[in-house]
file structure-v5.tsv (TSV, C-alpha atoms)
chain	number	residue	atom	x	y	z
H	1	MET	CA	114.38	0.42	61.34
H	2	THR	CA	112.40	-1.41	64.02
H	3	ASP	CA	113.00	-1.01	67.75
H	4	ILE	CA	114.53	-4.51	68.01
H	5	GLU	CA	116.87	-3.76	65.09
H	6	LYS	CA	117.95	-0.51	66.79
H	7	ALA	CA	118.45	-2.35	70.09
H	8	LYS	CA	120.60	-5.01	68.40
H	9	GLN	CA	122.59	-2.35	66.54
H	10	ASN	CA	123.27	-0.38	69.74
H	11	LEU	CA	124.14	-3.40	71.91
H	12	ALA	CA	127.81	-3.31	70.87
H	13	GLY	CA	129.96	-2.46	73.88
H	14	HIS	CA	127.08	-2.90	76.36
H	15	SER	CA	125.48	-5.81	78.16
H	16	ILE	CA	121.90	-4.69	77.37
H	17	CYS	CA	120.18	-2.21	75.06
H	18	LEU	CA	116.50	-1.28	75.24
H	19	CYS	CA	114.77	0.72	72.54
H	20	ARG	CA	111.29	2.25	72.12
H	21	ASP	CA	110.34	4.88	69.55
H	22	GLY	CA	113.88	6.16	69.16
H	23	GLN	CA	114.60	6.21	72.90
H	24	ILE	CA	117.66	4.06	73.66
H	25	LEU	CA	118.71	2.83	77.10
H	26	THR	CA	121.96	0.91	77.60
H	27	ASP	CA	123.66	-0.59	80.62
H	28	ASP	CA	126.97	-2.35	81.14
H	29	GLY	CA	126.09	-4.23	84.33
H	30	LYS	CA	126.61	-7.97	84.64
H	31	GLY	CA	123.93	-10.61	84.40
H	32	ILE	CA	120.42	-9.58	85.36
H	33	SER	CA	121.53	-6.53	87.37
H	34	PRO	CA	120.59	-3.95	84.69
H	35	MET	CA	116.98	-5.19	84.50
H	36	MET	CA	116.75	-5.60	88.28
H	37	ASN	CA	117.92	-1.99	88.69
H	38	PHE	CA	115.54	-0.62	86.03
H	39	ILE	CA	112.60	-2.41	87.70
H	40	ALA	CA	113.65	-1.39	91.25
H	41	LYS	CA	113.82	2.27	90.14
H	42	GLY	CA	110.32	2.04	88.66
H	43	LYS	CA	111.54	2.75	85.12
H	44	ASP	CA	108.68	2.47	82.62
H	45	LEU	CA	109.91	-0.10	80.12
H	46	ASN	CA	106.50	-1.05	78.76
H	47	GLY	CA	106.69	-1.39	74.97
H	48	PHE	CA	110.50	-1.46	74.77
H	49	SER	CA	112.40	-4.02	72.72
H	50	ALA	CA	115.50	-5.54	74.33
H	51	ALA	CA	118.81	-6.85	73.02
H	52	ASP	CA	120.90	-8.62	75.66
H	53	LEU	CA	124.15	-10.56	75.67
H	54	ILE	CA	122.74	-13.51	77.63
H	55	VAL	CA	119.04	-14.29	78.04
H	56	GLY	CA	118.16	-17.05	80.45
H	57	LYS	CA	114.80	-17.74	82.07
H	58	ALA	CA	115.63	-15.24	84.85
H	59	ALA	CA	116.11	-12.42	82.33
H	60	ALA	CA	113.05	-13.56	80.37
H	61	MET	CA	110.91	-13.29	83.52
H	62	LEU	CA	112.20	-9.76	84.13
H	63	PHE	CA	111.41	-8.81	80.53
H	64	VAL	CA	107.85	-10.10	80.95
H	65	LYS	CA	107.45	-8.25	84.28
H	66	ALA	CA	108.73	-5.01	82.72
H	67	GLY	CA	106.46	-5.17	79.65
H	68	ILE	CA	109.22	-5.73	77.08
H	69	VAL	CA	107.60	-6.58	73.72
H	70	CYS	CA	110.47	-8.16	71.74
H	71	VAL	CA	113.76	-9.77	72.80
H	72	HIS	CA	117.03	-10.69	71.08
H	73	GLY	CA	119.77	-12.55	72.89
H	74	LYS	CA	123.28	-13.08	71.65
H	75	VAL	CA	122.92	-16.29	73.68
H	76	MET	CA	119.50	-17.55	74.76
H	77	SER	CA	118.59	-20.60	76.79
H	78	GLU	CA	115.88	-22.97	75.67
H	79	ALA	CA	113.98	-22.18	78.91
H	80	ALA	CA	114.08	-18.44	78.11
H	81	LYS	CA	112.83	-19.03	74.57
H	82	THR	CA	109.98	-21.21	75.85
H	83	TYR	CA	109.07	-18.67	78.55
H	84	LEU	CA	109.04	-15.70	76.16
H	85	GLU	CA	107.01	-17.62	73.57
H	86	ALA	CA	104.50	-18.66	76.27
H	87	HIS	CA	104.03	-14.95	77.00
H	88	LYS	CA	103.63	-14.10	73.29
H	89	ILE	CA	106.88	-12.14	73.16
H	90	PRO	CA	108.72	-12.53	69.85
H	91	CYS	CA	112.33	-13.53	70.41
H	92	SER	CA	115.45	-14.26	68.41
H	93	PHE	CA	119.00	-15.29	69.21
H	94	ASP	CA	122.42	-15.82	67.71
H	95	VAL	CA	123.04	-18.97	69.77
H	96	LEU	CA	120.44	-21.18	71.45
H	97	THR	CA	121.81	-23.16	74.38
H	98	GLU	CA	120.37	-25.81	76.66
H	99	LYS	CA	121.11	-23.77	79.80
H	100	ILE	CA	123.00	-20.76	81.10
H	101	ILE	CA	126.18	-21.69	82.97
H	102	ASN	CA	127.61	-19.81	85.98
H	103	ARG	CA	130.60	-17.49	85.59
H	104	GLN	CA	132.99	-20.15	86.87
H	105	GLY	CA	131.77	-22.60	84.24
H	106	THR	CA	131.08	-25.22	86.91
H	107	GLY	CA	127.30	-25.54	86.76
H	108	ILE	CA	124.00	-23.80	86.15
H	109	CYS	CA	123.78	-20.04	86.72
H	110	PRO	CA	122.45	-19.39	90.25
H	111	MET	CA	119.84	-16.96	88.91
H	112	GLU	CA	118.56	-19.65	86.57
H	113	ALA	CA	118.44	-22.14	89.44
H	114	ALA	CA	116.47	-19.62	91.53
H	115	VAL	CA	113.62	-19.47	88.99
H	116	GLU	CA	113.83	-22.96	87.50
H	117	THR	CA	110.50	-24.12	88.99
H	118	ILE	CA	108.76	-20.71	88.97
H	119	ASN	CA	106.48	-19.64	86.12
H	120	ASP	CA	104.97	-16.39	87.44
H	121	ALA	CA	107.05	-13.31	86.55
H	122	GLU	CA	106.27	-11.50	89.82
H	123	SER	CA	107.24	-14.56	91.92
H	124	GLY	CA	110.36	-14.92	89.79
H	125	TYR	CA	111.30	-11.29	90.45
H	126	GLU	CA	110.91	-11.81	94.21
H	127	ALA	CA	113.02	-15.00	94.11
H	128	LEU	CA	115.73	-13.16	92.16
H	129	LYS	CA	115.71	-10.27	94.66
H	130	GLN	CA	116.19	-12.79	97.49
H	131	LYS	CA	119.00	-14.58	95.64
H	132	LEU	CA	120.84	-11.33	94.90
H	133	SER	CA	120.37	-10.22	98.51
H	134	SER	CA	121.86	-13.49	99.79
H	135	PHE	CA	124.88	-13.01	97.48
H	136	PHE	CA	125.34	-9.44	98.71
H	137	ASN	CA	125.07	-10.52	102.36
H	138	ALA	CA	127.51	-13.41	101.86
H	139	LYS	CA	129.99	-11.07	100.17
H	140	ASN	CA	129.80	-8.55	103.03
H	141	SER	CA	129.98	-10.95	105.97
call {"tool": "encode", "arguments": {"input": "structure-v5.tsv", "output": "structure tokens"}}
result
Amino acid sequence: MTDIEKAKQNLAGHSICLCRDGQILTDDGKGISPMMNFIAKGKDLNGFSAADLIVGKAAAMLFVKAGIVCVHGKVMSEAAKTYLEAHKIPCSFDVLTEKIINRQGTGICPMEAAVETINDAESGYEALKQKLSSFFNAKNS
């Protein structure tokens, strides 16, 4: 069984599953927080395959930054698919959607909006850190 098949198989009950050579990492955090946390902690994810519930361009940028080599999304945006393909990362999905919607269902996901015009993974990561920081500060003020 390939790493991506193992990741897909072990996604059940989690929001993300990463697999490399039999090593399986799962997380139940919302949105991009699992990948942001893995990257912030310096976790070596180079060569892992990822299965995720929702893959938008923001998540795709984090996968590229982290060295993920294959991605499956239960739901994937067209922008994420295009971004992954541009970086030569094989990807698959159960549902392809035009865009990722926010949790309230009222518009585009704020993380997607934060990286909409950015194409560099490192710049995208910095923009996402700033966006998450602004959410945290707004919540605690």
call {"tool": "residues_around", "arguments": {"input": "structure-v5.tsv", "residues": "range 103-117 of chain H", "least_positions_apart": "5", "cutoff": "7 Å", "atoms": "all atoms listed in the file", "output": "PDB file with C-alpha atoms, in the coordinates of the input"}}
result
ATOM      1  CA  GLY H  56     118.160 -17.050  80.450  1.00  0.00           C
ATOM      2  CA  LYS H  57     114.800 -17.740  82.070  1.00  0.00           C
ATOM      3  CA  ALA H  58     115.630 -15.240  84.850  1.00  0.00           C
ATOM      4  CA  GLY H 124     110.360 -14.920  89.790  1.00  0.00           C
ATOM      5  CA  ALA H 127     113.020 -15.000  94.110  1.00  0.00           C
ATOM      6  CA  LEU H 128     115.730 -13.160  92.160  1.00  0.00           C
ATOM      7  CA  LYS H 131     119.000 -14.580  95.640  1.00  0.00           C
TER       8      LYS H 131
END
call {"tool": "closest_residue", "arguments": {"input": "structure-v5.tsv", "among": "H:Ala50, H:Leu25, H:Ala7, H:Ala59", "to": "Ala79 in chain H", "atoms": "all atoms listed in the file"}}
result
H:Ala59
call {"tool": "atom_distance", "arguments": {"input": "structure-v5.tsv", "atom1": "CA of Lys74 in chain H", "atom2": "CA of Asp52 in chain H"}}
result
6.5 Å
call {"tool": "closest_residue", "arguments": {"input": "structure-v5.tsv", "among": "H:Val75, H:Val55, H:Leu96, H:Ile4", "to": "Ile24 in chain H", "atoms": "all atoms listed in the file"}}
result
H:Ile4
call {"tool": "residues_near_point", "arguments": {"input": "structure-v5.tsv", "point": "(106.1, -6.3, 73.8)", "cutoff": "8 Å", "atoms": "all atoms listed in the file", "output": "list in words"}}
result
Asn46, Gly47, Phe48, Ser49, Gly67, Ile68, Val69, Cys70, Ile89 and Pro90 of chain H
call {"tool": "write_last_selection", "arguments": {"input": "structure-v5.tsv", "atoms": "C-alpha atoms", "output": "PDB file, keeping the file's coordinate frame"}}
result
ATOM      1  CA  ASN H  46     106.500  -1.050  78.760  1.00  0.00           C
ATOM      2  CA  GLY H  47     106.690  -1.390  74.970  1.00  0.00           C
ATOM      3  CA  PHE H  48     110.500  -1.460  74.770  1.00  0.00           C
ATOM      4  CA  SER H  49     112.400  -4.020  72.720  1.00  0.00           C
ATOM      5  CA  GLY H  67     106.460  -5.170  79.650  1.00  0.00           C
ATOM      6  CA  ILE H  68     109.220  -5.730  77.080  1.00  0.00           C
ATOM      7  CA  VAL H  69     107.600  -6.580  73.720  1.00  0.00           C
ATOM      8  CA  CYS H  70     110.470  -8.160  71.740  1.00  0.00           C
ATOM      9  CA  ILE H  89     106.880 -12.140  73.160  1.00  0.00           C
ATOM     10  CA  PRO H  90     108.720 -12.530  69.850  1.00  0.00           C
TER      11      PRO H  90
END
call {"tool": "residues_near_point", "arguments": {"input": "structure-v5.tsv", "point": "(122.5, 0.7, 77.1)", "cutoff": "9 Å", "atoms": "all atoms listed in the file", "output": "PyMOL selection string"}}
result
chain H and resi 7+10-11+13-19+24-28
call {"tool": "atom_distance", "arguments": {"input": "structure-v5.tsv", "atom1": "CA of Gly29 in chain H", "atom2": "CA of Leu132 in chain H"}}
result
13.8 Å
call {"tool": "closest_residue", "arguments": {"input": "structure-v5.tsv", "among": "H:Cys91, H:Ile118, H:Ala66, H:Ile100", "to": "Leu45 in chain H", "atoms": "all atoms listed in the file"}}
result
H:Ala66
call {"tool": "residues_around", "arguments": {"input": "structure-v5.tsv", "residues": "Ala86 in chain H", "least_positions_apart": "6", "cutoff": "12 Å", "atoms": "only C-alpha atoms", "output": "VMD selection string"}}
result
chain H and resid 57 60 to 61 64 79 to 80 119 to 121
call {"tool": "closest_residue", "arguments": {"input": "structure-v5.tsv", "among": "H:Lys129, H:Asn102, H:Val95, H:Leu84", "to": "Met35 in chain H", "atoms": "all atoms listed in the file"}}
result
H:Lys129
call {"tool": "closest_residue", "arguments": {"input": "structure-v5.tsv", "among": "H:His87, H:Ser123, H:Ala51, H:Leu62", "to": "Ser33 in chain H", "atoms": "all atoms listed in the file"}}
result
H:Leu62
call {"tool": "closest_residue", "arguments": {"input": "structure-v5.tsv", "among": "H:Thr97, H:Ile39, H:Met76, H:Lys8", "to": "Glu126 in chain H", "atoms": "all atoms listed in the file"}}
result
H:Ile39
call {"tool": "atom_distance", "arguments": {"input": "structure-v5.tsv", "atom1": "CA of Glu98 in chain H", "atom2": "CA of Ser77 in chain H"}}
result
5.5 Å
